[in-house]
file query-v4.tsv (TSV, C-alpha atoms)
chain	number	residue	atom	x	y	z
A	1	MET	CA	-27.22	14.50	16.07
A	2	PRO	CA	-29.34	14.55	12.88
A	3	ARG	CA	-28.16	12.49	9.92
A	4	ARG	CA	-26.79	14.45	7.00
A	5	GLN	CA	-28.50	13.83	3.69
A	6	THR	CA	-27.01	14.10	0.23
A	7	GLY	CA	-30.17	14.55	-1.81
A	8	LEU	CA	-29.29	11.35	-3.67
A	9	GLY	CA	-31.55	8.99	-1.77
A	10	MET	CA	-28.72	7.87	0.49
A	11	SER	CA	-27.11	9.05	3.69
A	12	TYR	CA	-23.96	11.12	3.71
A	13	GLU	CA	-22.08	8.14	5.16
A	14	ALA	CA	-23.25	5.87	2.32
A	15	TYR	CA	-22.14	8.51	-0.20
A	16	LYS	CA	-18.69	8.76	1.39
A	17	GLU	CA	-18.39	4.96	1.34
A	18	LEU	CA	-19.12	4.95	-2.40
A	19	GLU	CA	-16.68	7.80	-2.95
A	20	TYR	CA	-13.85	5.84	-1.31
A	21	PHE	CA	-14.94	2.65	-3.09
A	22	CYS	CA	-14.39	4.50	-6.38
A	23	LEU	CA	-11.02	5.86	-5.26
A	24	GLN	CA	-9.83	2.24	-4.96
A	25	TYR	CA	-10.54	1.66	-8.68
A	26	LYS	CA	-6.92	1.87	-9.88
A	27	GLU	CA	-5.73	-0.25	-6.96
A	28	LYS	CA	-8.31	-2.91	-7.85
A	29	LYS	CA	-7.17	-2.93	-11.50
A	30	ARG	CA	-3.53	-3.18	-10.39
A	31	GLN	CA	-4.36	-6.10	-8.07
A	32	ILE	CA	-6.15	-7.92	-10.88
A	33	ALA	CA	-3.11	-7.53	-13.14
A	34	THR	CA	-0.68	-8.83	-10.51
A	35	MET	CA	-2.80	-11.82	-9.43
A	36	TYR	CA	-2.53	-13.66	-12.74
A	37	GLY	CA	0.19	-16.24	-13.28
A	38	PRO	CA	1.95	-18.70	-11.00
A	39	LYS	CA	2.79	-17.56	-7.49
A	40	GLY	CA	5.30	-19.00	-5.12
A	41	LEU	CA	6.54	-21.75	-7.41
A	42	ARG	CA	10.05	-23.05	-7.06
A	43	TYR	CA	11.74	-24.45	-10.14
A	44	ASP	CA	14.50	-26.41	-8.42
A	45	GLY	CA	13.17	-29.87	-9.38
A	46	VAL	CA	12.34	-30.84	-5.80
A	47	ALA	CA	8.77	-31.46	-4.71
A	48	HIS	CA	7.66	-29.15	-1.91
A	49	SER	CA	4.59	-29.33	0.22
A	50	SER	CA	2.57	-26.38	1.32
A	51	ARG	CA	1.58	-26.12	4.95
A	52	GLN	CA	-1.42	-24.02	4.04
A	53	ARG	CA	-4.75	-25.72	3.74
A	54	GLY	CA	-7.09	-24.92	0.91
A	55	ASP	CA	-6.75	-24.29	-2.76
A	56	ARG	CA	-4.76	-21.10	-3.26
A	57	THR	CA	-5.56	-21.06	-6.98
A	58	ALA	CA	-9.29	-21.18	-6.31
A	59	GLU	CA	-9.00	-18.48	-3.64
A	60	THR	CA	-7.06	-16.27	-6.05
A	61	ALA	CA	-9.63	-16.88	-8.81
A	62	LEU	CA	-12.46	-15.92	-6.46
A	63	ARG	CA	-10.62	-12.76	-5.42
A	64	ILE	CA	-9.96	-11.82	-9.06
A	65	GLY	CA	-13.65	-12.41	-9.84
A	66	LYS	CA	-14.74	-10.15	-6.97
A	67	LEU	CA	-12.32	-7.39	-8.01
A	68	LYS	CA	-13.42	-7.60	-11.67
A	69	GLU	CA	-17.05	-7.40	-10.58
A	70	GLU	CA	-16.33	-4.24	-8.55
A	71	VAL	CA	-14.38	-2.63	-11.41
A	72	PHE	CA	-17.14	-3.49	-13.87
A	73	MET	CA	-19.76	-2.09	-11.48
A	74	ILE	CA	-17.98	1.29	-11.42
A	75	GLU	CA	-17.43	1.36	-15.19
A	76	GLU	CA	-20.98	0.27	-16.01
A	77	SER	CA	-22.46	2.86	-13.63
A	78	ALA	CA	-20.41	5.55	-15.38
A	79	ARG	CA	-21.64	4.35	-18.80
A	80	GLN	CA	-25.26	4.31	-17.64
A	81	ALA	CA	-25.06	7.76	-16.08
A	82	GLY	CA	-22.89	9.57	-18.59
A	83	GLY	CA	-22.97	7.74	-21.90
A	84	SER	CA	-20.30	9.45	-23.97
A	85	LEU	CA	-19.16	11.37	-20.87
A	86	ALA	CA	-18.34	8.14	-19.00
A	87	PRO	CA	-14.53	8.57	-19.31
A	88	TYR	CA	-14.79	12.02	-17.69
A	89	VAL	CA	-17.04	10.72	-14.92
A	90	LEU	CA	-14.60	7.84	-14.29
A	91	LYS	CA	-11.64	10.21	-14.13
A	92	ASN	CA	-13.52	12.45	-11.72
A	93	VAL	CA	-14.70	9.76	-9.31
A	94	THR	CA	-11.62	7.52	-9.43
A	95	GLU	CA	-8.88	10.17	-9.44
A	96	LYS	CA	-10.67	13.19	-7.92
A	97	MET	CA	-9.95	15.11	-11.13
A	98	ASN	CA	-11.95	18.35	-11.01
A	99	TYR	CA	-14.24	19.42	-13.84
A	100	GLU	CA	-12.06	22.49	-14.38
A	101	HIS	CA	-9.00	20.31	-15.11
A	102	MET	CA	-10.72	18.26	-17.82
A	103	ALA	CA	-11.96	19.31	-21.24
A	104	VAL	CA	-15.49	18.03	-20.63
A	105	PRO	CA	-17.82	18.70	-23.60
A	106	CYS	CA	-20.69	19.90	-21.40
A	107	GLY	CA	-21.35	22.52	-18.77
A	108	ARG	CA	-20.25	22.23	-15.17
A	109	ARG	CA	-23.78	21.96	-13.80
A	110	GLN	CA	-24.68	19.19	-16.27
A	111	PHE	CA	-21.48	17.30	-15.47
A	112	TYR	CA	-22.10	17.32	-11.73
A	113	ALA	CA	-25.73	16.28	-12.31
A	114	ILE	CA	-24.39	13.26	-14.24
A	115	ARG	CA	-21.92	12.60	-11.44
A	116	ARG	CA	-24.75	12.60	-8.88
A	117	HIS	CA	-26.71	10.22	-11.10
A	118	PHE	CA	-23.61	7.98	-11.27
A	119	PHE	CA	-23.54	7.72	-7.47
A	120	SER	CA	-27.27	6.94	-7.37
A	121	ILE	CA	-26.80	4.11	-9.89
A	122	LEU	CA	-23.74	2.78	-8.07
A	123	TYR	CA	-25.60	2.90	-4.75
A	124	GLU	CA	-28.42	0.78	-6.17
A	125	LYS	CA	-25.98	-1.70	-7.72
A	126	ARG	CA	-24.06	-2.12	-4.45
A	127	LYS	CA	-27.26	-2.36	-2.42
A	128	ASN	CA	-28.80	-5.01	-4.68
A	129	GLY	CA	-25.64	-6.87	-5.56
call {"tool": "encode", "arguments": {"input": "query-v4.tsv", "output": "structure tokens"}}
result
Amino acid sequence: MPRRQTGLGMSYEAYKELEYFCLQYKEKKRQIATMYGPKGLRYDGVAHSSRQRGDRTAETALRIGKLKEEVFMIEESARQAGGSLAPYVLKNVTEKMNYEHMAVPCGRRQFYAIRRHFFSILYEKRKNG
């Protein structure tokens, strides 16, 4: 079976992966917000030991760093591709909001050209990063 192409310099499968990566944007931001602060602490005055090995704080910090990097990658790609249209591009790729349901200050064809450019930029960032 021949591979489908997107015309963006990537396979159809790579495009779909990026599309679903962007749809996780709000979830990533929500995870970042909930990961800050103390977790699992008991304030009963008794010392407790954890049976888990490793530094949970360091693991949480690494996870927050990774999530922030992914969120920044999406936002920065939108800024590079769309400039002042970045909020519209973000809304489109992270919430599947159609062009027709937004008051975008450009034509439909121009908007979707910017959106394609966004995915090209994001593809390069993910590939090199």
call {"tool": "residues_around", "arguments": {"input": "query-v4.tsv", "residues": "A:Lys127", "least_positions_apart": "3", "cutoff": "12 Å", "atoms": "all atoms listed in the file", "output": "JSON list (two decimals) with C-alpha atoms, in the frame of the given file"}}
result
[["chain", "number", "residue", "atom", "x", "y", "z"],
["A", 10, "MET", "CA", -28.72, 7.87, 0.49],
["A", 14, "ALA", "CA", -23.25, 5.87, 2.32],
["A", 18, "LEU", "CA", -19.12, 4.95, -2.40],
["A", 73, "MET", "CA", -19.76, -2.09, -11.48],
["A", 119, "PHE", "CA", -23.54, 7.72, -7.47],
["A", 120, "SER", "CA", -27.27, 6.94, -7.37],
["A", 121, "ILE", "CA", -26.80, 4.11, -9.89],
["A", 122, "LEU", "CA", -23.74, 2.78, -8.07],
["A", 123, "TYR", "CA", -25.60, 2.90, -4.75],
["A", 124, "GLU", "CA", -28.42, 0.78, -6.17]]
call {"tool": "atom_distance", "arguments": {"input": "query-v4.tsv", "atom1": "atom CA of A:Gly65", "atom2": "atom CA of A:Tyr20"}}
result
20.1 Å
call {"tool": "atom_distance", "arguments": {"input": "query-v4.tsv", "atom1": "atom CA of A:Ile32", "atom2": "atom CA of A:Thr60"}}
result
9.7 Å
call {"tool": "atom_distance", "arguments": {"input": "query-v4.tsv", "atom1": "atom CA of A:Ala78", "atom2": "atom CA of A:Arg115"}}
result
8.2 Å
call {"tool": "closest_residue", "arguments": {"input": "query-v4.tsv", "among": "A:Ser11, A:Met102, A:Lys96, A:Phe118", "to": "A:Glu75", "atoms": "only C-alpha atoms"}}
result
A:Phe118
call {"tool": "closest_residue", "arguments": {"input": "query-v4.tsv", "among": "A:Arg126, A:Phe72, A:Tyr99, A:Phe111", "to": "A:Leu85", "atoms": "only C-alpha atoms"}}
result
A:Phe111
